[in-house]
file coords00.txt (compact mmCIF, C-alpha atoms)
# COMPACT_ATOMS: atom_id res chain seq x y z
CA MET A 253 119.34 -58.94 173.68
CA ARG A 254 120.66 -56.05 171.60
CA ILE A 255 120.44 -56.14 167.83
CA LEU A 256 122.74 -54.02 165.69
CA LEU A 257 120.96 -52.27 162.84
CA GLN A 258 123.89 -53.23 160.61
CA SER A 259 123.29 -56.89 161.49
CA ILE A 260 119.82 -56.65 159.97
CA THR A 261 120.40 -54.36 157.02
CA GLY A 262 124.01 -54.76 156.03
CA TYR A 263 124.33 -50.98 156.10
CA PRO A 264 126.39 -49.07 158.71
CA ALA A 265 124.67 -48.27 162.00
CA THR A 266 125.37 -45.51 164.48
CA GLU A 267 124.00 -47.29 167.53
CA ALA A 268 122.62 -50.51 168.87
CA PHE A 269 119.03 -50.42 169.96
CA PRO A 270 116.64 -52.61 171.94
CA GLY A 271 113.23 -53.40 170.52
CA HIS A 272 111.21 -50.87 172.50
CA ARG A 273 113.23 -48.01 171.01
CA LEU A 274 112.84 -49.08 167.39
CA LEU A 275 111.67 -46.18 165.28
CA SER A 276 108.84 -46.39 162.81
CA ALA A 277 110.06 -47.98 159.60
CA LYS A 278 111.15 -45.45 157.01
CA LEU A 279 111.94 -46.60 153.51
CA ILE A 280 115.31 -45.41 152.30
CA ARG A 281 115.13 -44.05 148.76
CA ARG A 282 116.61 -47.03 146.98
CA ALA A 283 115.35 -49.55 144.49
CA MET A 284 112.94 -52.17 145.83
CA ARG A 285 112.65 -55.22 143.62
CA VAL A 286 112.60 -59.00 143.63
CA GLU A 287 116.15 -60.23 143.20
CA SER A 288 115.30 -63.93 143.00
CA VAL A 289 112.36 -66.33 143.28
CA GLN A 290 112.71 -69.79 144.86
CA ILE A 291 110.62 -72.92 145.15
CA GLY A 292 111.38 -76.39 146.51
CA GLN A 293 109.84 -79.81 146.90
CA VAL A 294 109.70 -82.19 149.85
CA GLN A 295 112.77 -84.43 150.08
CA ASP A 296 113.17 -87.58 152.15
CA LEU A 297 116.78 -87.45 153.36
CA GLY A 298 116.69 -90.57 155.49
CA ASP A 299 116.61 -89.32 159.06
CA TRP A 300 114.66 -86.18 158.16
CA THR A 301 112.20 -84.81 155.64
CA THR A 302 112.42 -81.24 154.42
CA ALA A 303 111.52 -78.75 151.70
CA THR A 304 114.06 -76.18 152.88
CA TYR A 305 116.27 -76.75 149.82
CA LYS A 306 114.89 -74.04 147.56
CA TYR A 307 116.21 -73.40 144.06
CA GLN A 308 115.98 -70.26 141.98
CA VAL A 309 113.53 -70.18 139.07
CA PRO A 310 113.33 -67.60 136.27
CA GLY A 311 109.61 -66.97 136.52
CA PRO A 312 107.00 -65.95 136.11
CA VAL A 313 105.75 -68.13 138.98
CA PHE A 314 102.09 -67.90 139.87
CA VAL A 315 101.36 -67.19 143.54
CA HIS A 316 98.05 -68.50 144.83
CA SER A 317 96.47 -68.19 148.27
CA LEU A 318 98.61 -71.00 149.72
CA GLY A 319 101.94 -70.10 148.13
CA LEU A 320 104.00 -70.36 144.97
CA ALA A 321 103.14 -72.85 142.28
CA GLY A 322 105.51 -75.80 142.56
CA ASP A 323 106.57 -75.00 146.13
CA GLU A 324 105.94 -77.52 148.91
CA PHE A 325 106.01 -77.72 152.70
CA ALA A 326 107.26 -80.76 154.59
CA ASN A 327 105.78 -79.70 157.93
CA THR A 328 102.35 -78.25 157.27
CA LYS A 329 101.70 -77.75 160.97
CA ASN A 330 104.36 -75.07 161.33
CA HIS A 331 104.83 -73.93 157.74
CA GLY A 332 102.50 -72.77 155.01
CA GLY A 333 98.80 -72.03 155.27
CA ILE A 334 96.97 -68.76 154.65
CA ASP A 335 99.07 -66.75 157.14
CA LYS A 336 102.43 -68.16 156.02
CA ALA A 337 101.98 -68.62 152.31
CA VAL A 338 105.08 -66.74 151.11
CA LEU A 339 108.40 -66.36 152.92
CA ALA A 340 110.60 -63.38 152.07
CA GLY A 341 114.11 -62.32 153.03
CA SER A 342 116.52 -59.47 152.42
CA ALA A 343 119.01 -59.68 149.55
CA ALA A 344 121.36 -57.24 151.32
CA GLN A 345 122.01 -59.76 154.09
CA TYR A 346 123.58 -62.46 151.95
CA PRO A 347 126.99 -60.77 151.65
CA LEU A 348 127.06 -60.74 155.46
CA TRP A 349 126.14 -64.42 155.65
CA ARG A 350 128.80 -65.32 153.06
CA GLN A 351 131.39 -63.38 155.03
CA GLU A 352 130.40 -64.93 158.35
CA THR A 353 130.05 -68.51 157.13
CA GLY A 354 132.86 -68.44 154.59
CA ASN A 355 130.50 -70.21 152.20
CA PRO A 356 130.03 -68.72 148.70
CA ASP A 357 126.88 -70.82 148.19
CA TRP A 358 124.84 -68.53 150.43
CA THR A 359 122.73 -66.80 147.80
CA GLY A 360 119.00 -66.20 147.40
CA GLY A 361 117.03 -69.11 148.84
CA ALA A 362 119.84 -70.38 151.07
CA LEU A 363 117.62 -69.84 154.11
CA GLY A 364 114.53 -71.34 152.49
CA GLU A 365 112.80 -68.12 151.48
CA ASN A 366 110.61 -67.86 148.39
CA LEU A 367 111.34 -64.22 147.59
CA THR A 368 114.71 -62.55 148.05
CA ILE A 369 114.08 -58.81 147.96
CA LEU A 370 116.50 -55.98 147.28
CA GLY A 371 115.92 -52.79 149.29
CA LEU A 372 113.86 -54.24 152.14
CA ASP A 373 114.73 -55.88 155.46
CA GLU A 374 113.29 -56.50 158.92
CA ALA A 375 113.96 -52.91 160.00
CA THR A 376 112.09 -51.36 157.07
CA VAL A 377 108.98 -53.56 156.78
CA CYS A 378 106.09 -53.73 159.24
CA VAL A 379 103.48 -56.21 160.35
CA GLY A 380 100.35 -55.44 158.33
CA ASP A 381 102.18 -53.86 155.39
CA THR A 382 100.55 -54.47 152.02
CA TRP A 383 102.98 -54.73 149.11
CA ARG A 384 102.47 -54.93 145.35
CA PHE A 385 104.83 -57.16 143.39
CA GLY A 386 104.89 -56.41 139.70
CA GLU A 387 101.49 -55.56 138.23
CA THR A 388 99.04 -57.78 140.14
CA LEU A 389 100.39 -59.80 143.07
CA THR A 390 99.51 -58.23 146.43
CA LEU A 391 100.94 -59.60 149.67
CA GLN A 392 100.44 -58.60 153.32
CA ILE A 393 103.05 -59.16 156.04
CA SER A 394 101.60 -61.42 158.73
CA GLN A 395 104.55 -62.15 161.06
CA PRO A 396 108.32 -62.48 161.31
CA ARG A 397 109.69 -65.87 160.41
CA GLN A 398 110.65 -68.07 163.38
CA PRO A 399 113.78 -69.92 162.23
CA CYS A 400 113.66 -73.70 162.08
CA TRP A 401 116.27 -76.28 163.09
CA LYS A 402 116.20 -77.61 159.54
CA GLN A 403 118.22 -74.63 158.24
CA ALA A 404 120.87 -75.45 160.85
CA LYS A 405 120.91 -79.11 159.82
CA ARG A 406 121.11 -78.26 156.14
CA TRP A 407 124.18 -76.05 156.57
CA GLY A 408 125.79 -77.97 159.44
CA ILE A 409 125.78 -74.90 161.70
CA LYS A 410 124.46 -75.95 165.10
CA ASP A 411 123.71 -72.44 166.36
CA LEU A 412 122.31 -71.04 163.11
CA VAL A 413 118.84 -70.52 164.59
CA VAL A 414 120.38 -68.51 167.43
CA GLN A 415 122.44 -66.50 164.95
CA MET A 416 119.37 -65.65 162.88
CA ILE A 417 117.44 -64.48 165.92
CA GLU A 418 120.29 -62.53 167.51
CA THR A 419 121.18 -60.74 164.27
CA GLY A 420 117.52 -60.11 163.46
CA ARG A 421 117.92 -61.67 160.02
CA THR A 422 114.89 -63.92 160.23
CA GLY A 423 112.85 -63.01 157.18
CA TRP A 424 109.09 -62.50 157.25
CA TYR A 425 105.90 -64.18 156.10
CA HIS A 426 103.08 -62.92 153.87
CA ARG A 427 99.49 -63.85 153.26
CA VAL A 428 98.21 -63.44 149.70
CA LEU A 429 95.57 -60.75 149.18
CA THR A 430 95.53 -60.77 145.38
CA GLU A 431 96.91 -63.74 143.47
CA GLY A 432 99.25 -63.19 140.56
CA PRO A 433 102.64 -63.92 139.00
CA VAL A 434 106.06 -62.96 140.34
CA SER A 435 109.42 -62.87 138.57
CA PRO A 436 112.96 -61.78 139.36
CA GLY A 437 113.27 -58.09 138.59
CA ASP A 438 109.68 -57.23 139.53
CA GLU A 439 109.35 -53.87 141.23
CA VAL A 440 108.01 -53.90 144.79
CA SER A 441 105.86 -51.02 146.03
CA LEU A 442 104.21 -50.25 149.36
CA LEU A 443 100.43 -49.83 149.18
CA THR A 444 99.44 -49.46 152.85
CA ARG A 445 101.21 -49.33 156.21
CA PRO A 446 98.69 -49.41 159.09
CA HIS A 447 101.27 -50.03 161.84
CA PRO A 448 104.46 -48.01 161.19
CA ASP A 449 105.70 -48.54 164.76
CA TRP A 450 105.58 -52.32 164.45
CA THR A 451 108.52 -53.26 162.27
CA VAL A 452 109.30 -56.93 161.84
CA ALA A 453 112.47 -56.22 163.82
CA ARG A 454 110.45 -54.88 166.75
CA ALA A 455 108.05 -57.82 166.63
CA ASN A 456 111.07 -60.13 166.77
CA GLN A 457 112.31 -58.31 169.87
CA VAL A 458 108.99 -58.78 171.62
CA MET A 459 108.82 -62.48 170.75
CA HIS A 460 112.40 -63.41 171.55
CA ALA A 461 113.95 -60.80 173.86
CA GLU A 462 111.17 -59.17 175.87
CA LYS A 463 109.26 -62.24 176.94
CA SER A 464 108.34 -60.81 180.34
CA ASN A 465 106.79 -57.63 178.91
CA ALA A 466 103.10 -58.49 178.93
CA ALA A 467 102.07 -55.02 177.79
CA LEU A 468 104.11 -55.24 174.60
CA ALA A 469 102.84 -58.76 173.93
CA GLN A 470 99.28 -57.54 174.30
CA ALA A 471 99.93 -54.56 172.03
CA LEU A 472 101.42 -56.75 169.33
CA CYS A 473 98.52 -59.18 169.64
CA GLY A 474 96.18 -56.27 169.05
CA LEU A 475 97.28 -55.94 165.43
CA ALA A 476 94.47 -57.35 163.31
CA GLU A 477 96.92 -58.45 160.62
CA LEU A 478 99.17 -60.50 162.93
CA SER A 479 99.03 -64.23 162.21
CA ALA A 480 96.85 -66.50 164.33
CA SER A 481 99.85 -68.56 165.48
CA TRP A 482 101.70 -65.52 166.83
CA LYS A 483 98.55 -64.26 168.55
CA HIS A 484 98.16 -67.64 170.21
CA GLU A 485 101.77 -67.78 171.41
CA LEU A 486 101.91 -64.18 172.60
CA GLY A 487 98.48 -64.51 174.22
CA ARG A 488 99.98 -66.83 176.83
CA ARG A 489 101.97 -63.90 178.25
CA PHE A 490 99.07 -61.79 179.49
call {"tool": "encode", "arguments": {"input": "coords00.txt", "output": "structure tokens"}}
result
Amino acid sequence: MRILLQSITGYPATEAFPGHRLLSAKLIRRAMRVESVQIGQVQDLGDWTTATYKYQVPGPVFVHSLGLAGDEFANTKNHGGIDKAVLAGSAAQYPLWRQETGNPDWTGGALGENLTILGLDEATVCVGDTWRFGETLTLQISQPRQPCWKQAKRWGIKDLVVQMIETGRTGWYHRVLTEGPVSPGDEVSLLTRPHPDWTVARANQVMHAEKSNAALAQALCGLAELSASWKHELGRRF
């Protein structure tokens, strides 16, 4: 599997690259801020139950250790918890999704994320990163998001999960280190980056494209900040 940098970022790329050649994430000098904040409640839709329909809220929204106030999870086995309290995605990718789907409704929250962030994407954030949102809220990246069939069902796109994985536009999860409020427009700043070689994009490559590479699986598992569920899944490979 080869992922185009432009597929992830929405910015032009000069080459396609496999996961093992991903460079350490370098933040381009551009504004990093929360473009929108989303929450959603569990809905019973007859043949399925979901909380993937997120709607934008003006904020401030308080973020506690298990997620945003007012946000719910339909499947608590695979969603939510300490390691997956807050889901984020890149604002720059939505113009690409609108172009590819032909649907103008693809805006912040369309893929079920809580925070849609301008200036960040899977190629520029790393597992273990600690980020400050506004004045107080501090979040740490725990894993890439593994897309769920419910996004495909919501939008009526059968291969949407495959598209998200192949383009690298998965989003990423955070655990909450310091609780606090978040609002659209909040500045986002990097506090610590212990693993600059382990971008979310590279972690995605290891999980989805380099399944036979036991050494990479073991290396990724060695990151203290990686979520327990990813450590468990990757641990089966070595």
call {"tool": "closest_residue", "arguments": {"input": "coords00.txt", "among": "A:Gly371, A:Gly341, A:Gly292, A:Pro399", "to": "A:Met416", "atoms": "all atoms listed in the file"}}
result
A:Pro399
call {"tool": "residues_around", "arguments": {"input": "coords00.txt", "residues": "A:Leu486", "least_positions_apart": "2", "cutoff": "9 Å", "atoms": "all atoms listed in the file", "output": "VMD selection string"}}
result
chain A and resid 458 to 459 463 466 469 to 470 472 to 473 481 to 484 488 to 490
call {"tool": "closest_residue", "arguments": {"input": "coords00.txt", "among": "A:Val413, A:Leu348, A:Gly364, A:Gly298", "to": "A:Glu324", "atoms": "all atoms listed in the file"}}
result
A:Gly364
call {"tool": "residues_around", "arguments": {"input": "coords00.txt", "residues": "A:Leu372", "least_positions_apart": "3", "cutoff": "7 Å", "atoms": "only C-alpha atoms", "output": "PyMOL selection string"}}
result
chain A and resi 284+342+369+376-377
call {"tool": "atom_distance", "arguments": {"input": "coords00.txt", "atom1": "atom CA of A:Trp358", "atom2": "atom CA of A:Gly380"}}
result
28.9 Å
call {"tool": "decode", "arguments": {"input": "coords00.txt", "residues": "stretch 363-385 of chain A", "atoms": "C-alpha atoms", "output": "mmCIF file, in the first residue's frame"}}
result
data_model
loop_
_atom_site.group_PDB
_atom_site.id
_atom_site.type_symbol
_atom_site.label_atom_id
_atom_site.label_comp_id
_atom_site.auth_asym_id
_atom_site.auth_seq_id
_atom_site.Cartn_x
_atom_site.Cartn_y
_atom_site.Cartn_z
ATOM 1 C CA LEU A 363 -16.550 11.355 10.092
ATOM 2 C CA GLY A 364 -17.567 11.320 13.742
ATOM 3 C CA GLU A 365 -14.626 13.250 15.170
ATOM 4 C CA ASN A 366 -14.946 15.495 18.222
ATOM 5 C CA LEU A 367 -12.288 18.021 17.226
ATOM 6 C CA THR A 368 -11.646 19.193 13.680
ATOM 7 C CA ILE A 369 -8.226 20.837 13.681
ATOM 8 C CA LEU A 370 -6.730 23.289 11.221
ATOM 9 C CA GLY A 371 -2.998 22.894 10.548
ATOM 10 C CA LEU A 372 -2.559 19.290 11.714
ATOM 11 C CA ASP A 373 -2.975 15.906 10.031
ATOM 12 C CA GLU A 374 -1.759 12.317 10.274
ATOM 13 C CA ALA A 375 1.599 13.195 8.697
ATOM 14 C CA THR A 376 2.377 15.969 11.191
ATOM 15 C CA VAL A 377 1.273 14.473 14.523
ATOM 16 C CA CYS A 378 2.928 11.597 16.367
ATOM 17 C CA VAL A 379 1.960 8.895 18.808
ATOM 18 C CA GLY A 380 2.780 10.233 22.271
ATOM 19 C CA ASP A 381 2.490 13.905 21.336
ATOM 20 C CA THR A 382 1.141 16.126 24.099
ATOM 21 C CA TRP A 383 -0.924 19.074 22.897
ATOM 22 C CA ARG A 384 -2.403 22.086 24.688
ATOM 23 C CA PHE A 385 -5.806 23.302 23.547
#
